[in-house]
Amino acid sequence: MPAPLSSTTRSTLTRKKNRAALDRADLHGVLDEALICHVGLVLNGSPVVLPTGYGRDGDTLYFHGSTGSGNLRAAAAHVDVCVTVTILDGIVYARSLNNHSMNYRSAVVHGRARAVTEAEEKLHGLRTITDHLTPGSWEHAREVNSKELAAVAVLTLDLTEASVKIRSGDPSDEPEDLAEGTAWAGVLPLRTSFGEPTPAPYVPGETPIPDHVVARTHP
Ligand SMILES: Cc1cc2nc3c(=O)[nH]c(=O)nc-3n(C[C@H](O)[C@H](O)[C@H](O)COP(=O)(O)OP(=O)(O)OC[C@H]3O[C@@H](n4cnc5c(N)ncnc54)[C@H](O)[C@@H]3O)c2cc1C
């Protein structure tokens, strides 16, 4: 039985609690749809929040970067981290400025990351991240060599202590603004989509664009 979401005080919404999604499937849904997370921690006494790619395997989040990254080194030192993922679904226009809003699905994960040092697990973490960000590349691209493997840090974060917040639907204007007013109100949906693949200049012109890339452009 998986742990419930928002299992601790710090992972429980205090404002707009009705926007909390408490199903672990909602967490997985947000993490599987978005491509980047923001890793936040306190580094040398000062907060820093950096965008980072990631991948999910069950209830484990993997993220990676250069072994030279101070941020990742700090995260690996078993300090508290907070990882956020945001999907923006739309801009909400209301009659009043105060009720302008956004439609979104966002996830916050609290915990302590762990540096993966064992080679097999490290490769599994890298594959999980690759399969999430560039599905098909693990099979298609040249494989990671030992020098590259040594230069990359892979971290895991358990998804036990997490929260999901979702806003969807119409604007919510005040009763007096519903009754009268001339300002337009509604939702402007926002979608992130892939464009046409552009081959690198050193790729011979006759090289076909591989299926795993085309599939993302024309799903
Ligand atoms: C795209 C986007 C835009 C936003 N814009 C604004 C804005 O302009 N102004 C504003 O006040 N708020 C905005 N929010 C909501 C904001 O993220 C906070 O939820 C809100 O400000 C409440 O803050 P709090 O300190 O009271 O959080 P609390 O509810 O007290 O936070 C307690 C715990 O609840 C969880 N939690 C809180 N917020 C979120 C979240 N968004 N997603 C997942 N878990 C969460 C975390 O685990 C957190 O530690 C926005 C959210 C998104 C996704």
# chains A, B, ... in the order shown; residues from 1 in each chain; ligands from 1
$ residues_near_ligand --ligand "ligand 1" --cutoff "10 Å" --atoms "only C-alpha atoms and all ligand atoms" --output "PDB file with C-alpha atoms, in the first residue's frame"
ATOM      1  CA  LEU A   5       0.228  12.107  -0.219  1.00  0.00           C
ATOM      2  CA  SER A   6       0.621  15.097   2.097  1.00  0.00           C
ATOM      3  CA  SER A   7       1.634  12.768   4.874  1.00  0.00           C
ATOM      4  CA  THR A   8       3.319  15.393   7.084  1.00  0.00           C
ATOM      5  CA  THR A   9       2.649  18.915   8.333  1.00  0.00           C
ATOM      6  CA  ARG A  10       5.051  20.528   5.915  1.00  0.00           C
ATOM      7  CA  SER A  11       3.545  18.704   2.949  1.00  0.00           C
ATOM      8  CA  THR A  12      -0.048  19.629   3.802  1.00  0.00           C
ATOM      9  CA  LEU A  13      -1.695  22.622   2.141  1.00  0.00           C
ATOM     10  CA  THR A  14      -2.888  25.287   4.567  1.00  0.00           C
ATOM     11  CA  ARG A  15      -4.410  27.653   1.973  1.00  0.00           C
ATOM     12  CA  LYS A  16      -7.030  26.672  -0.639  1.00  0.00           C
ATOM     13  CA  LYS A  17      -7.105  23.152   0.742  1.00  0.00           C
ATOM     14  CA  ARG A  19      -7.126  22.444  -4.420  1.00  0.00           C
ATOM     15  CA  ALA A  20      -5.158  19.616  -2.828  1.00  0.00           C
ATOM     16  CA  ALA A  21      -5.064  16.396  -4.818  1.00  0.00           C
ATOM     17  CA  LEU A  27       1.495  13.113  -8.262  1.00  0.00           C
ATOM     18  CA  CYS A  82      12.327  20.681  -1.850  1.00  0.00           C
ATOM     19  CA  VAL A  83      11.603  19.728  -5.456  1.00  0.00           C
ATOM     20  CA  THR A  84       8.780  21.421  -7.336  1.00  0.00           C
ATOM     21  CA  VAL A  85       7.203  20.648 -10.699  1.00  0.00           C
ATOM     22  CA  THR A  86       4.719  23.013 -12.339  1.00  0.00           C
ATOM     23  CA  ILE A  87       2.439  22.566 -15.326  1.00  0.00           C
ATOM     24  CA  LEU A  88       0.679  25.749 -16.397  1.00  0.00           C
ATOM     25  CA  ASP A  89      -2.651  24.929 -18.076  1.00  0.00           C
ATOM     26  CA  GLY A  90      -4.107  28.376 -18.590  1.00  0.00           C
ATOM     27  CA  ILE A  91      -4.361  32.018 -17.639  1.00  0.00           C
ATOM     28  CA  HIS A 100      -7.219  36.818 -12.038  1.00  0.00           C
ATOM     29  CA  SER A 101      -5.530  33.480 -11.579  1.00  0.00           C
ATOM     30  CA  MET A 102      -3.880  30.542 -13.324  1.00  0.00           C
ATOM     31  CA  ASN A 103      -4.972  27.005 -14.004  1.00  0.00           C
ATOM     32  CA  TYR A 104      -2.209  24.631 -13.047  1.00  0.00           C
ATOM     33  CA  ARG A 105      -1.120  21.289 -11.699  1.00  0.00           C
ATOM     34  CA  SER A 106       1.867  21.478  -9.385  1.00  0.00           C
ATOM     35  CA  ALA A 107       3.759  19.053  -7.197  1.00  0.00           C
ATOM     36  CA  VAL A 108       6.045  19.678  -4.250  1.00  0.00           C
ATOM     37  CA  VAL A 109       8.292  16.939  -2.877  1.00  0.00           C
ATOM     38  CA  HIS A 110      10.055  17.314   0.465  1.00  0.00           C
ATOM     39  CA  GLU A 161       6.438  13.249   1.424  1.00  0.00           C
ATOM     40  CA  ALA A 162       4.736  15.142  -1.350  1.00  0.00           C
ATOM     41  CA  SER A 163       1.792  17.355  -2.184  1.00  0.00           C
ATOM     42  CA  VAL A 164      -0.140  18.175  -5.328  1.00  0.00           C
ATOM     43  CA  LYS A 165      -2.200  21.304  -5.918  1.00  0.00           C
ATOM     44  CA  ILE A 166      -4.548  21.692  -8.855  1.00  0.00           C
ATOM     45  CA  ARG A 167      -6.577  24.655 -10.065  1.00  0.00           C
TER      46      ARG A 167
END
$ residues_around --residues "Tyr62 (chain A)" --least-positions-apart "5" --cutoff "8 Å" --atoms "only C-alpha atoms" --output "ChimeraX atom specification"
/A:54-57,125-126,128-129,154-157
$ write_last_selection --atoms "C-alpha atoms" --output "compact mmCIF listing (two decimals), in the first residue's frame"
# COMPACT_ATOMS: atom_id res chain seq x y z
CA TYR A 54 14.46 14.32 -13.87
CA GLY A 55 12.83 10.93 -14.28
CA ARG A 56 10.51 8.83 -12.15
CA ASP A 57 10.58 5.13 -11.40
CA GLY A 125 18.92 6.30 -12.79
CA LEU A 126 20.42 7.71 -15.99
CA THR A 128 15.13 6.58 -16.09
CA ILE A 129 15.99 10.24 -16.69
CA VAL A 154 22.89 10.87 -10.00
CA LEU A 155 20.63 11.53 -7.03
CA THR A 156 17.42 9.92 -5.88
CA LEU A 157 14.60 11.41 -3.88
$ atom_distance --atom1 "CA of His124 (chain A)" --atom2 "CA of His38 (chain A)"
21.6 Å
$ residues_around --residues "region 171-185 of chain A" --least-positions-apart "6" --cutoff "7 Å" --atoms "only C-alpha atoms" --output "PyMOL selection string"
chain A and resi 92-96+99
$ atom_distance --atom1 "CA of Arg73 (chain A)" --atom2 "CA of Gly53 (chain A)"
16.0 Å
$ select_by_dssp --residues "chain A" --states "helix (DSSP H, G or I)" --output "ChimeraX atom specification"
/A:9-11,17-19,24-33,70-76,97-99,119-133,137-140,146-151,175-179,211-217
$ atom_distance --atom1 "CA of Leu159 (chain A)" --atom2 "CA of Leu50 (chain A)"
18.8 Å
$ closest_residue --among "A:Ala200, A:Leu190, A:Val213, A:Leu43" --to "Ala77 (chain A)" --atoms "only C-alpha atoms"
A:Leu43
$ closest_residue --among "A:Val203, A:Val81, A:Ala150, A:Val30" --to "Pro47 (chain A)" --atoms "only C-alpha atoms"
A:Val81
$ decode --residues "region 71-165 of chain A" --atoms "C-alpha atoms" --output "PDB file, in the first residue's frame"
ATOM      1  CA  ASN A  71      23.964  22.519  -5.828  1.00  0.00           C
ATOM      2  CA  LEU A  72      23.981  18.776  -6.488  1.00  0.00           C
ATOM      3  CA  ARG A  73      26.909  18.215  -4.131  1.00  0.00           C
ATOM      4  CA  ALA A  74      24.948  19.977  -1.394  1.00  0.00           C
ATOM      5  CA  ALA A  75      21.832  17.930  -2.219  1.00  0.00           C
ATOM      6  CA  ALA A  76      23.872  14.746  -1.998  1.00  0.00           C
ATOM      7  CA  ALA A  77      25.093  15.735   1.488  1.00  0.00           C
ATOM      8  CA  HIS A  78      21.761  14.629   2.937  1.00  0.00           C
ATOM      9  CA  VAL A  79      20.339  18.096   3.558  1.00  0.00           C
ATOM     10  CA  ASP A  80      16.632  18.870   3.226  1.00  0.00           C
ATOM     11  CA  VAL A  81      15.601  19.557  -0.352  1.00  0.00           C
ATOM     12  CA  CYS A  82      12.327  20.681  -1.850  1.00  0.00           C
ATOM     13  CA  VAL A  83      11.603  19.728  -5.456  1.00  0.00           C
ATOM     14  CA  THR A  84       8.780  21.421  -7.336  1.00  0.00           C
ATOM     15  CA  VAL A  85       7.203  20.648 -10.699  1.00  0.00           C
ATOM     16  CA  THR A  86       4.719  23.013 -12.339  1.00  0.00           C
ATOM     17  CA  ILE A  87       2.439  22.566 -15.326  1.00  0.00           C
ATOM     18  CA  LEU A  88       0.679  25.749 -16.397  1.00  0.00           C
ATOM     19  CA  ASP A  89      -2.651  24.929 -18.076  1.00  0.00           C
ATOM     20  CA  GLY A  90      -4.107  28.376 -18.590  1.00  0.00           C
ATOM     21  CA  ILE A  91      -4.361  32.018 -17.639  1.00  0.00           C
ATOM     22  CA  VAL A  92      -7.571  32.897 -15.835  1.00  0.00           C
ATOM     23  CA  TYR A  93      -9.059  36.332 -16.573  1.00  0.00           C
ATOM     24  CA  ALA A  94     -11.648  37.567 -14.102  1.00  0.00           C
ATOM     25  CA  ARG A  95     -13.793  40.674 -14.003  1.00  0.00           C
ATOM     26  CA  SER A  96     -11.762  41.847 -11.025  1.00  0.00           C
ATOM     27  CA  LEU A  97      -7.961  41.980 -11.115  1.00  0.00           C
ATOM     28  CA  ASN A  98      -7.957  40.376  -7.700  1.00  0.00           C
ATOM     29  CA  ASN A  99      -9.552  37.209  -9.075  1.00  0.00           C
ATOM     30  CA  HIS A 100      -7.219  36.818 -12.038  1.00  0.00           C
ATOM     31  CA  SER A 101      -5.530  33.480 -11.579  1.00  0.00           C
ATOM     32  CA  MET A 102      -3.880  30.542 -13.324  1.00  0.00           C
ATOM     33  CA  ASN A 103      -4.972  27.005 -14.004  1.00  0.00           C
ATOM     34  CA  TYR A 104      -2.209  24.631 -13.047  1.00  0.00           C
ATOM     35  CA  ARG A 105      -1.120  21.289 -11.699  1.00  0.00           C
ATOM     36  CA  SER A 106       1.867  21.478  -9.385  1.00  0.00           C
ATOM     37  CA  ALA A 107       3.759  19.053  -7.197  1.00  0.00           C
ATOM     38  CA  VAL A 108       6.045  19.678  -4.250  1.00  0.00           C
ATOM     39  CA  VAL A 109       8.292  16.939  -2.877  1.00  0.00           C
ATOM     40  CA  HIS A 110      10.055  17.314   0.465  1.00  0.00           C
ATOM     41  CA  GLY A 111      12.847  15.070   1.625  1.00  0.00           C
ATOM     42  CA  ARG A 112      16.502  14.246   1.564  1.00  0.00           C
ATOM     43  CA  ALA A 113      18.200  13.170  -1.627  1.00  0.00           C
ATOM     44  CA  ARG A 114      20.704  10.345  -1.816  1.00  0.00           C
ATOM     45  CA  ALA A 115      23.700  10.177  -4.120  1.00  0.00           C
ATOM     46  CA  VAL A 116      23.729   7.001  -6.203  1.00  0.00           C
ATOM     47  CA  THR A 117      27.229   5.542  -6.234  1.00  0.00           C
ATOM     48  CA  GLU A 118      26.732   1.935  -7.269  1.00  0.00           C
ATOM     49  CA  ALA A 119      27.348   1.643 -11.048  1.00  0.00           C
ATOM     50  CA  GLU A 120      24.309  -0.478 -11.929  1.00  0.00           C
ATOM     51  CA  GLU A 121      21.918   1.762  -9.992  1.00  0.00           C
ATOM     52  CA  LYS A 122      23.566   4.844 -11.484  1.00  0.00           C
ATOM     53  CA  LEU A 123      22.951   3.510 -14.991  1.00  0.00           C
ATOM     54  CA  HIS A 124      19.362   2.711 -14.031  1.00  0.00           C
ATOM     55  CA  GLY A 125      18.923   6.299 -12.792  1.00  0.00           C
ATOM     56  CA  LEU A 126      20.419   7.712 -15.992  1.00  0.00           C
ATOM     57  CA  ARG A 127      18.190   5.491 -18.073  1.00  0.00           C
ATOM     58  CA  THR A 128      15.131   6.583 -16.090  1.00  0.00           C
ATOM     59  CA  ILE A 129      15.992  10.242 -16.692  1.00  0.00           C
ATOM     60  CA  THR A 130      16.738   9.602 -20.388  1.00  0.00           C
ATOM     61  CA  ASP A 131      13.520   7.645 -20.904  1.00  0.00           C
ATOM     62  CA  HIS A 132      11.587  10.567 -19.406  1.00  0.00           C
ATOM     63  CA  LEU A 133      13.291  13.462 -21.194  1.00  0.00           C
ATOM     64  CA  THR A 134      14.224  11.812 -24.508  1.00  0.00           C
ATOM     65  CA  PRO A 135      12.402   8.484 -24.822  1.00  0.00           C
ATOM     66  CA  GLY A 136      14.176   6.274 -27.368  1.00  0.00           C
ATOM     67  CA  SER A 137      17.577   7.903 -26.923  1.00  0.00           C
ATOM     68  CA  TRP A 138      18.870   5.235 -24.548  1.00  0.00           C
ATOM     69  CA  GLU A 139      18.646   2.725 -27.420  1.00  0.00           C
ATOM     70  CA  HIS A 140      19.516   5.170 -30.241  1.00  0.00           C
ATOM     71  CA  ALA A 141      22.426   7.281 -28.983  1.00  0.00           C
ATOM     72  CA  ARG A 142      26.004   6.214 -28.269  1.00  0.00           C
ATOM     73  CA  GLU A 143      26.107   4.667 -24.840  1.00  0.00           C
ATOM     74  CA  VAL A 144      27.610   6.355 -21.799  1.00  0.00           C
ATOM     75  CA  ASN A 145      31.319   5.585 -21.377  1.00  0.00           C
ATOM     76  CA  SER A 146      33.122   5.165 -18.058  1.00  0.00           C
ATOM     77  CA  LYS A 147      34.591   8.685 -18.129  1.00  0.00           C
ATOM     78  CA  GLU A 148      31.145  10.199 -18.660  1.00  0.00           C
ATOM     79  CA  LEU A 149      29.670   7.982 -15.970  1.00  0.00           C
ATOM     80  CA  ALA A 150      32.295   9.175 -13.492  1.00  0.00           C
ATOM     81  CA  ALA A 151      31.598  12.838 -14.326  1.00  0.00           C
ATOM     82  CA  VAL A 152      27.854  12.655 -13.706  1.00  0.00           C
ATOM     83  CA  ALA A 153      26.191  12.746 -10.321  1.00  0.00           C
ATOM     84  CA  VAL A 154      22.889  10.872  -9.998  1.00  0.00           C
ATOM     85  CA  LEU A 155      20.634  11.535  -7.034  1.00  0.00           C
ATOM     86  CA  THR A 156      17.418   9.921  -5.877  1.00  0.00           C
ATOM     87  CA  LEU A 157      14.601  11.407  -3.883  1.00  0.00           C
ATOM     88  CA  ASP A 158      11.851   9.353  -2.331  1.00  0.00           C
ATOM     89  CA  LEU A 159       8.340  10.551  -3.251  1.00  0.00           C
ATOM     90  CA  THR A 160       6.847   9.701   0.137  1.00  0.00           C
ATOM     91  CA  GLU A 161       6.438  13.249   1.424  1.00  0.00           C
ATOM     92  CA  ALA A 162       4.736  15.142  -1.350  1.00  0.00           C
ATOM     93  CA  SER A 163       1.792  17.355  -2.184  1.00  0.00           C
ATOM     94  CA  VAL A 164      -0.140  18.175  -5.328  1.00  0.00           C
ATOM     95  CA  LYS A 165      -2.200  21.304  -5.918  1.00  0.00           C
TER      96      LYS A 165
END
